[in-house]
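The file my_file_23.cif comes next; it holds mmCIF, C-alpha atoms.
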```cif
data_data
#
loop_
_atom_site.group_PDB
_atom_site.id
_atom_site.type_symbol
_atom_site.label_atom_id
_atom_site.label_comp_id
_atom_site.auth_asym_id
_atom_site.auth_seq_id
_atom_site.Cartn_x
_atom_site.Cartn_y
_atom_site.Cartn_z
ATOM 1 C CA MET A 1 -4.026 7.795 3.862
ATOM 2 C CA ILE A 2 -1.889 9.603 6.408
ATOM 3 C CA TYR A 3 -3.993 12.771 5.820
ATOM 4 C CA PRO A 4 -7.635 11.578 6.044
ATOM 5 C CA THR A 5 -9.107 14.973 5.119
ATOM 6 C CA ALA A 6 -8.062 18.116 3.304
ATOM 7 C CA ALA A 7 -8.222 19.968 6.618
ATOM 8 C CA ASP A 8 -5.801 17.475 8.174
ATOM 9 C CA TRP A 9 -3.397 18.004 5.289
ATOM 10 C CA LEU A 10 -3.546 21.797 5.409
ATOM 11 C CA ALA A 11 -3.175 21.914 9.194
ATOM 12 C CA CYS A 12 -0.292 19.437 9.349
ATOM 13 C CA SER A 13 3.081 20.935 10.247
ATOM 14 C CA GLN A 14 4.926 18.053 8.566
ATOM 15 C CA LYS A 15 3.726 17.463 5.024
ATOM 16 C CA ARG A 16 5.119 14.334 3.355
ATOM 17 C CA VAL A 17 4.325 13.498 -0.272
ATOM 18 C CA LEU A 18 5.442 11.046 -2.939
ATOM 19 C CA LEU A 19 4.801 12.051 -6.558
ATOM 20 C CA PHE A 20 4.416 9.339 -9.177
ATOM 21 C CA GLY A 21 3.516 9.129 -12.839
ATOM 22 C CA MET A 22 5.169 9.084 -16.245
ATOM 23 C CA SER A 23 8.398 11.009 -16.671
ATOM 24 C CA GLY A 24 7.790 14.333 -18.343
ATOM 25 C CA LEU A 25 4.538 15.296 -16.588
ATOM 26 C CA GLY A 26 5.968 17.491 -13.850
ATOM 27 C CA LYS A 27 7.242 15.381 -10.933
ATOM 28 C CA THR A 28 10.758 16.773 -10.910
ATOM 29 C CA HIS A 29 9.504 20.294 -11.680
ATOM 30 C CA VAL A 30 7.263 20.251 -8.613
ATOM 31 C CA ALA A 31 9.979 18.708 -6.440
ATOM 32 C CA ALA A 32 12.463 21.401 -7.506
ATOM 33 C CA MET A 33 9.887 24.137 -6.857
ATOM 34 C CA LEU A 34 9.224 22.832 -3.352
ATOM 35 C CA ARG A 35 12.941 22.402 -2.651
ATOM 36 C CA GLY A 36 13.399 26.015 -3.677
ATOM 37 C CA ALA A 37 10.833 27.092 -1.095
ATOM 38 C CA GLY A 38 13.437 26.334 1.562
ATOM 39 C CA ASP A 39 11.507 24.078 3.935
ATOM 40 C CA TRP A 40 11.028 20.955 1.804
ATOM 41 C CA PHE A 41 13.552 18.107 1.636
ATOM 42 C CA HIS A 42 13.782 16.659 -1.877
ATOM 43 C CA TYR A 43 14.409 12.910 -2.132
ATOM 44 C CA SER A 44 14.989 11.687 -5.692
ATOM 45 C CA VAL A 45 14.573 7.937 -6.122
ATOM 46 C CA ASP A 46 16.451 7.930 -9.432
ATOM 47 C CA TYR A 47 19.348 9.839 -7.867
ATOM 48 C CA ARG A 48 19.463 7.331 -4.999
ATOM 49 C CA ILE A 49 19.463 4.435 -7.475
ATOM 50 C CA GLY A 50 22.319 5.920 -9.482
ATOM 51 C CA THR A 51 24.499 6.841 -6.510
ATOM 52 C CA ARG A 52 23.875 4.390 -3.679
ATOM 53 C CA TYR A 53 22.841 1.188 -5.439
ATOM 54 C CA MET A 54 24.171 1.317 -8.997
ATOM 55 C CA GLY A 55 27.017 3.812 -8.709
ATOM 56 C CA GLU A 56 29.711 1.136 -8.664
ATOM 57 C CA LEU A 57 28.145 -0.714 -11.593
ATOM 58 C CA ILE A 58 28.024 2.518 -13.593
ATOM 59 C CA ALA A 59 31.636 3.436 -12.789
ATOM 60 C CA ASP A 60 32.855 -0.087 -13.584
ATOM 61 C CA ASN A 61 31.162 0.111 -16.964
ATOM 62 C CA PHE A 62 32.994 3.378 -17.694
ATOM 63 C CA LYS A 63 36.266 1.693 -16.669
ATOM 64 C CA ARG A 64 35.503 -1.312 -18.869
ATOM 65 C CA GLU A 65 35.176 0.997 -21.859
ATOM 66 C CA ALA A 66 38.254 3.006 -20.866
ATOM 67 C CA MET A 67 40.337 -0.182 -20.691
ATOM 68 C CA LYS A 68 39.822 -0.567 -24.445
ATOM 69 C CA VAL A 69 41.873 2.613 -25.020
ATOM 70 C CA PRO A 70 45.623 1.928 -24.584
ATOM 71 C CA LEU A 71 46.445 5.283 -22.982
ATOM 72 C CA LEU A 72 43.560 5.112 -20.531
ATOM 73 C CA ARG A 73 44.294 1.456 -19.783
ATOM 74 C CA GLU A 74 47.867 2.332 -18.807
ATOM 75 C CA LEU A 75 46.669 5.182 -16.581
ATOM 76 C CA LEU A 76 44.000 3.042 -14.932
ATOM 77 C CA MET A 77 46.381 0.170 -14.286
ATOM 78 C CA SER A 78 48.768 2.551 -12.524
ATOM 79 C CA ASP A 79 45.983 4.272 -10.563
ATOM 80 C CA SER A 80 46.877 7.534 -12.298
ATOM 81 C CA VAL A 81 43.289 8.476 -13.115
ATOM 82 C CA CYS A 82 39.991 8.111 -11.327
ATOM 83 C CA ILE A 83 36.820 7.396 -13.284
ATOM 84 C CA SER A 84 33.411 8.009 -11.737
ATOM 85 C CA SER A 85 29.972 9.222 -12.744
ATOM 86 C CA ASN A 86 28.678 12.706 -11.975
ATOM 87 C CA ILE A 87 24.978 12.070 -11.415
ATOM 88 C CA THR A 88 22.862 15.004 -10.249
ATOM 89 C CA PHE A 89 19.134 15.526 -9.710
ATOM 90 C CA ASP A 90 19.044 17.207 -13.116
ATOM 91 C CA ASN A 91 21.412 14.870 -14.977
ATOM 92 C CA LEU A 92 20.785 11.145 -14.696
ATOM 93 C CA ALA A 93 22.510 10.318 -17.981
ATOM 94 C CA PRO A 94 25.102 7.976 -16.413
ATOM 95 C CA LEU A 95 22.283 5.795 -15.052
ATOM 96 C CA SER A 96 20.306 5.664 -18.291
ATOM 97 C CA THR A 97 23.470 5.058 -20.320
ATOM 98 C CA TYR A 98 24.323 2.070 -18.158
ATOM 99 C CA LEU A 99 20.784 0.691 -18.451
ATOM 100 C CA GLY A 100 21.157 0.864 -22.224
ATOM 101 C CA LYS A 101 19.047 -0.575 -25.039
ATOM 102 C CA PRO A 102 19.029 -4.066 -26.543
ATOM 103 C CA GLY A 103 20.128 -4.867 -30.065
ATOM 104 C CA ASP A 104 22.915 -4.363 -32.577
ATOM 105 C CA PRO A 105 26.258 -3.646 -30.806
ATOM 106 C CA ALA A 106 27.403 -1.587 -33.790
ATOM 107 C CA ARG A 107 24.552 0.818 -33.044
ATOM 108 C CA GLY A 108 25.194 0.908 -29.311
ATOM 109 C CA GLY A 109 22.968 -2.030 -28.394
ATOM 110 C CA LEU A 110 23.462 -4.657 -25.720
ATOM 111 C CA PRO A 111 22.972 -8.415 -25.999
ATOM 112 C CA PHE A 112 19.499 -9.122 -24.643
ATOM 113 C CA ALA A 113 20.826 -11.286 -21.802
ATOM 114 C CA GLU A 114 23.086 -8.456 -20.610
ATOM 115 C CA TYR A 115 20.247 -5.977 -21.022
ATOM 116 C CA ARG A 116 17.964 -8.155 -18.885
ATOM 117 C CA LYS A 117 20.683 -8.414 -16.226
ATOM 118 C CA ARG A 118 20.895 -4.628 -16.024
ATOM 119 C CA GLN A 119 17.111 -4.389 -15.901
ATOM 120 C CA ASP A 120 17.121 -6.790 -12.946
ATOM 121 C CA GLN A 121 19.802 -4.702 -11.240
ATOM 122 C CA HIS A 122 17.671 -1.599 -11.700
ATOM 123 C CA ARG A 123 14.600 -3.329 -10.292
ATOM 124 C CA ALA A 124 16.436 -4.360 -7.117
ATOM 125 C CA ALA A 125 17.933 -0.869 -6.790
ATOM 126 C CA GLU A 126 14.587 0.860 -7.269
ATOM 127 C CA ILE A 127 12.860 -1.277 -4.642
ATOM 128 C CA ALA A 128 15.696 -0.649 -2.185
ATOM 129 C CA SER A 129 15.627 3.091 -2.889
ATOM 130 C CA LEU A 130 11.876 3.264 -2.344
ATOM 131 C CA LEU A 131 12.222 1.367 0.932
ATOM 132 C CA ASP A 132 14.896 3.890 1.982
ATOM 133 C CA THR A 133 12.308 6.690 1.884
ATOM 134 C CA PRO A 134 11.235 6.453 5.566
ATOM 135 C CA HIS A 135 14.900 6.624 6.590
ATOM 136 C CA PHE A 136 15.360 9.828 4.609
ATOM 137 C CA ILE A 137 12.192 11.314 6.086
ATOM 138 C CA GLU A 138 13.744 10.810 9.507
ATOM 139 C CA ARG A 139 17.118 12.202 8.408
ATOM 140 C CA ALA A 140 15.520 15.243 6.783
ATOM 141 C CA GLY A 141 13.944 16.257 10.077
ATOM 142 C CA GLU A 142 16.486 15.152 12.643
ATOM 143 C CA ILE A 143 19.668 16.230 10.888
ATOM 144 C CA TYR A 144 18.636 19.072 8.594
ATOM 145 C CA GLY A 145 15.506 20.375 10.284
ATOM 146 C CA TYR A 146 13.255 20.231 7.218
ATOM 147 C CA PRO A 147 9.579 20.087 8.254
ATOM 148 C CA HIS A 148 8.304 18.902 4.857
ATOM 149 C CA PHE A 149 9.374 16.066 2.556
ATOM 150 C CA ILE A 150 8.868 15.471 -1.164
ATOM 151 C CA CYS A 151 9.786 12.161 -2.808
ATOM 152 C CA ASP A 152 10.253 12.365 -6.574
ATOM 153 C CA SER A 153 9.785 8.758 -7.697
ATOM 154 C CA GLY A 154 10.862 7.296 -11.010
ATOM 155 C CA GLY A 155 8.360 6.649 -13.761
ATOM 156 C CA SER A 156 8.837 2.903 -13.287
ATOM 157 C CA ILE A 157 7.583 2.772 -9.679
ATOM 158 C CA CYS A 158 4.375 1.112 -10.888
ATOM 159 C CA GLU A 159 6.457 -1.710 -12.403
ATOM 160 C CA VAL A 160 8.166 -2.748 -9.149
ATOM 161 C CA VAL A 161 5.056 -2.856 -6.924
ATOM 162 C CA ASP A 162 1.708 -4.636 -7.076
ATOM 163 C CA PRO A 163 -0.799 -1.855 -6.389
ATOM 164 C CA GLU A 164 -3.704 -4.308 -6.175
ATOM 165 C CA ASP A 165 -2.029 -6.263 -3.356
ATOM 166 C CA ALA A 166 -2.903 -4.790 0.036
ATOM 167 C CA ALA A 167 0.123 -6.602 1.477
ATOM 168 C CA ASP A 168 2.664 -5.252 -1.030
ATOM 169 C CA PRO A 169 5.615 -4.374 1.248
ATOM 170 C CA VAL A 170 6.813 -1.373 -0.758
ATOM 171 C CA MET A 171 3.355 0.184 -1.026
ATOM 172 C CA GLN A 172 2.717 -0.414 2.653
ATOM 173 C CA ALA A 173 5.995 1.223 3.678
ATOM 174 C CA LEU A 174 5.345 4.233 1.462
ATOM 175 C CA ALA A 175 1.673 4.716 2.370
ATOM 176 C CA ARG A 176 2.456 4.594 6.095
ATOM 177 C CA ASN A 177 4.811 7.535 5.707
ATOM 178 C CA LEU A 178 3.695 9.679 2.771
ATOM 179 C CA LEU A 179 0.693 10.761 0.760
ATOM 180 C CA MET A 180 0.893 9.127 -2.676
ATOM 181 C CA VAL A 181 0.012 11.632 -5.421
ATOM 182 C CA TRP A 182 -0.403 10.557 -9.046
ATOM 183 C CA ILE A 183 0.228 13.182 -11.732
ATOM 184 C CA GLU A 184 -2.158 11.970 -14.412
ATOM 185 C CA GLY A 185 -1.708 12.967 -18.026
ATOM 186 C CA SER A 186 -4.379 13.328 -20.699
ATOM 187 C CA GLU A 187 -4.427 11.722 -24.130
ATOM 188 C CA ALA A 188 -2.845 14.917 -25.450
ATOM 189 C CA HIS A 189 -0.051 14.618 -22.900
ATOM 190 C CA THR A 190 0.503 10.993 -23.896
ATOM 191 C CA ALA A 191 0.749 11.960 -27.563
ATOM 192 C CA GLU A 192 3.280 14.650 -26.691
ATOM 193 C CA LEU A 193 5.356 12.230 -24.598
ATOM 194 C CA VAL A 194 5.416 9.785 -27.506
ATOM 195 C CA ARG A 195 6.454 12.582 -29.885
ATOM 196 C CA ARG A 196 9.298 13.642 -27.577
ATOM 197 C CA PHE A 197 10.463 10.086 -27.108
ATOM 198 C CA ASP A 198 10.414 9.425 -30.836
ATOM 199 C CA ARG A 199 12.718 12.416 -31.300
ATOM 200 C CA ALA A 200 15.132 11.333 -28.543
ATOM 201 C CA PRO A 201 14.590 7.708 -27.445
ATOM 202 C CA LYS A 202 16.030 6.974 -24.010
ATOM 203 C CA PRO A 203 16.672 3.832 -21.989
ATOM 204 C CA MET A 204 14.020 2.954 -19.429
ATOM 205 C CA TYR A 205 13.040 0.158 -17.073
ATOM 206 C CA TYR A 206 10.298 -2.325 -18.037
ATOM 207 C CA GLN A 207 8.427 -4.888 -15.983
ATOM 208 C CA PRO A 208 10.087 -8.270 -16.816
ATOM 209 C CA ASP A 209 7.075 -10.052 -18.345
ATOM 210 C CA PHE A 210 6.179 -6.969 -20.390
ATOM 211 C CA LEU A 211 9.755 -6.640 -21.670
ATOM 212 C CA THR A 212 10.038 -10.315 -22.637
ATOM 213 C CA ALA A 213 6.753 -10.166 -24.546
ATOM 214 C CA ALA A 214 7.702 -6.896 -26.268
ATOM 215 C CA TRP A 215 11.091 -8.258 -27.356
ATOM 216 C CA HIS A 216 9.502 -11.443 -28.697
ATOM 217 C CA ASP A 217 6.722 -9.570 -30.526
ATOM 218 C CA TYR A 218 9.068 -6.995 -32.056
ATOM 219 C CA ARG A 219 11.407 -9.620 -33.406
ATOM 220 C CA ALA A 220 8.473 -11.680 -34.695
ATOM 221 C CA ASP A 221 7.031 -8.613 -36.462
ATOM 222 C CA THR A 222 10.347 -7.551 -37.994
ATOM 223 C CA GLY A 223 11.897 -10.985 -38.563
ATOM 224 C CA LEU A 224 15.193 -9.693 -37.149
ATOM 225 C CA ASP A 225 17.820 -11.671 -35.291
ATOM 226 C CA GLU A 226 18.768 -10.285 -31.883
ATOM 227 C CA ALA A 227 22.045 -8.749 -33.090
ATOM 228 C CA ALA A 228 20.323 -7.059 -36.040
ATOM 229 C CA VAL A 229 17.740 -5.124 -33.985
ATOM 230 C CA ASP A 230 18.128 -1.343 -34.131
ATOM 231 C CA PRO A 231 18.143 -0.393 -30.413
ATOM 232 C CA ASP A 232 16.434 2.963 -30.981
ATOM 233 C CA ALA A 233 13.798 1.424 -33.230
ATOM 234 C CA PHE A 234 12.952 -1.166 -30.583
ATOM 235 C CA VAL A 235 12.557 1.301 -27.720
ATOM 236 C CA ARG A 236 10.510 3.637 -29.925
ATOM 237 C CA TRP A 237 8.217 0.725 -30.840
ATOM 238 C CA THR A 238 7.945 -0.251 -27.187
ATOM 239 C CA TYR A 239 7.374 3.180 -25.625
ATOM 240 C CA ALA A 240 3.693 3.734 -26.451
ATOM 241 C CA ARG A 241 2.953 0.168 -25.367
ATOM 242 C CA ALA A 242 4.777 0.836 -22.102
ATOM 243 C CA LEU A 243 2.633 3.915 -21.489
ATOM 244 C CA ALA A 244 -0.523 1.873 -22.019
ATOM 245 C CA HIS A 245 0.821 -0.853 -19.740
ATOM 246 C CA ARG A 246 1.604 1.592 -16.946
ATOM 247 C CA GLN A 247 -1.582 3.650 -17.010
ATOM 248 C CA PRO A 248 -3.860 1.167 -15.183
ATOM 249 C CA ARG A 249 -1.115 0.431 -12.681
ATOM 250 C CA TYR A 250 -0.762 4.126 -11.842
ATOM 251 C CA ALA A 251 -4.540 4.397 -11.583
ATOM 252 C CA ALA A 252 -4.660 1.479 -9.138
ATOM 253 C CA MET A 253 -1.934 3.080 -7.027
ATOM 254 C CA ALA A 254 -3.946 6.287 -6.781
ATOM 255 C CA ARG A 255 -7.271 4.531 -6.205
ATOM 256 C CA ARG A 256 -6.064 2.182 -3.486
ATOM 257 C CA TRP A 257 -3.206 4.095 -1.909
ATOM 258 C CA GLY A 258 -3.477 7.829 -2.562
ATOM 259 C CA VAL A 259 -4.918 10.637 -4.660
ATOM 260 C CA SER A 260 -4.553 12.036 -8.169
ATOM 261 C CA VAL A 261 -4.012 15.428 -9.752
ATOM 262 C CA THR A 262 -3.793 16.285 -13.431
ATOM 263 C CA ALA A 263 -0.716 17.362 -15.328
ATOM 264 C CA ASP A 264 -2.582 20.513 -16.348
ATOM 265 C CA GLU A 265 -3.211 21.350 -12.690
ATOM 266 C CA VAL A 266 0.464 20.795 -11.925
ATOM 267 C CA ALA A 267 1.528 23.010 -14.827
ATOM 268 C CA GLY A 268 -0.354 25.906 -13.218
ATOM 269 C CA LEU A 269 1.453 25.740 -9.878
ATOM 270 C CA ARG A 270 3.479 28.800 -8.897
ATOM 271 C CA ASP A 271 4.652 28.032 -5.376
ATOM 272 C CA ALA A 272 4.368 25.723 -2.362
ATOM 273 C CA GLY A 273 1.090 27.340 -1.329
ATOM 274 C CA ASP A 274 -0.466 26.459 -4.678
ATOM 275 C CA PHE A 275 0.779 22.901 -4.266
ATOM 276 C CA ALA A 276 -0.744 22.561 -0.786
ATOM 277 C CA ALA A 277 -4.077 23.837 -2.096
ATOM 278 C CA LEU A 278 -4.014 21.450 -5.062
ATOM 279 C CA VAL A 279 -3.338 18.443 -2.841
ATOM 280 C CA ALA A 280 -6.164 19.512 -0.523
ATOM 281 C CA ARG A 281 -8.564 19.520 -3.476
ATOM 282 C CA ALA A 282 -7.305 16.095 -4.529
ATOM 283 C CA ILE A 283 -7.973 14.698 -1.044
ATOM 284 C CA ASP A 284 -11.488 16.125 -1.146
ATOM 285 C CA ARG A 285 -12.091 14.546 -4.567
ATOM 286 C CA ALA A 286 -10.919 11.154 -3.304
ATOM 287 C CA ALA A 287 -13.149 11.246 -0.224
#
```
Please express what this file holds, its structure, as structure tokens.
Amino acid sequence: MIYPTAADWLACSQKRVLLFGMSGLGKTHVAAMLRGAGDWFHYSVDYRIGTRYMGELIADNFKREAMKVPLLRELLMSDSVCISSNITFDNLAPLSTYLGKPGDPARGGLPFAEYRKRQDQHRAAEIASLLDTPHFIERAGEIYGYPHFICDSGGSICEVVDPEDAADPVMQALARNLLMVWIEGSEAHTAELVRRFDRAPKPMYYQPDFLTAAWHDYRADTGLDEAAVDPDAFVRWTYARALAHRQPRYAAMARRWGVSVTADEVAGLRDAGDFAALVARAIDRAA
């Protein structure tokens, strides 16, 4: 770890951290709190994916849909309108909408082959965005003068790295430059995440082998043809399994490459000082 002891962390004038864990446990909340402190640069991996690496794909998809409307088609063909996405740190809907869900087109689903293509695009974009982190650490200091750096990673980071491989290039690049901090949820947190997702199922990225197996198993259990699958029903069915799949991968990332804190500890943070103290305790626990 780049901070071998809690004392090293507390004394360091340039604190650099990457938060990882399931979406909904506090990563973005902490990142926003630190950004608000005034001396932390906030790097959002999902924002980078949606703007730098998938922005054109997202905009082209909007245009593809607009071309189906005669009025908009005429305006687009004459360059009379400009269509783009408006992704922000707090609104990543254009990215998730593009990623989509597989199943019945009449219910907003995508053919599975197209869905897999978009999943592959997201995987490549996420890896590239993670590998961009050291560049943004340098930019944050040299251009903007921020002494501290917080990377808010996507929930799927554990799906695009092999945490058990000491030679994994993404993990190596990240661990050389930041302290990896897992926000670990309890069983109660997991139940609440499942409840929230069931109420409002959202697109997400899955590790390819996991996704293929889930799609096969769901269709075998339901007896449905691809085009008959309810997209929301499939992602609801898959979500709890995805949480279980990710948990040991997150744990390996923390065990081999960083430290862990609990979601309850994170929920009690009030300011950057509280965060620094929490990370110091986590380093002591990992020693």
Using only C-alpha atoms: which of A:Val261, A:Ile143, A:Leu269, A:Leu110 has the shortest distance to Asp284 in chain A:
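Closest to Asp284 in chain A of all the choices is A:Val261.
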Smallest atom-to-atom distance to Tyr43 in chain A: which of A:Ala277, A:Met1, A:Ala251, A:Ala31, using all atoms listed in the file?
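Ranking A:Ala277, A:Met1, A:Ala251, A:Ala31 by distance to Tyr43 in chain A, first place goes to A:Ala31.
If you measure from each of A:Leu179, A:Ala124, A:Trp257, A:Trp237 to Ala6 in chain A using all atoms listed in the file, the closest one turns out to be A:Leu179.
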At a cut-off of 12 Å from (20.6, -8.5, -23.8) in the coordinates of the file, what residues are picked up using all atoms listed in the file, written as an MDAnalysis selection string?
chainID A and resid 99:105 108:120 211:212 215 226:227 229 231
Evaluate the PyMOL selection byres ((chain A and resi 267) around 12) on the structure here and hand back the selected residues as a count of residues only.
25
Pick out the residues sitting within 9 Å of range 64-66 of chain A, and hand them over as a list in words; count all atoms listed in the file, and ignore anything fewer than 5 positions along from it in its own chain.
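Selected residues are Ala59, Leu71, Leu72, Arg73, Leu76 and Ile83 of chain A.
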Enter the distance from CA of Arg249 in chain A to CA of Val161 in chain A, in Å, rounded to one decimal.
9.1 Å
Write out as a list in words each polymer residue whose atoms come within 12 Å of Ala175 in chain A, counting only C-alpha atoms; drop sequence neighbours fewer than 4 positions from it.
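Contacts, in chain order: Met1, Ile2, Tyr3, Arg16, Val17, Leu18, Leu19, Leu130, Leu131, Thr133, Pro134, Pro163, Ala166, Ala167, Asp168, Pro169, Val170, Met171, Leu179, Met180, Val181, Met253, Ala254, Arg256, Trp257, Gly258 and Val259 of chain A.
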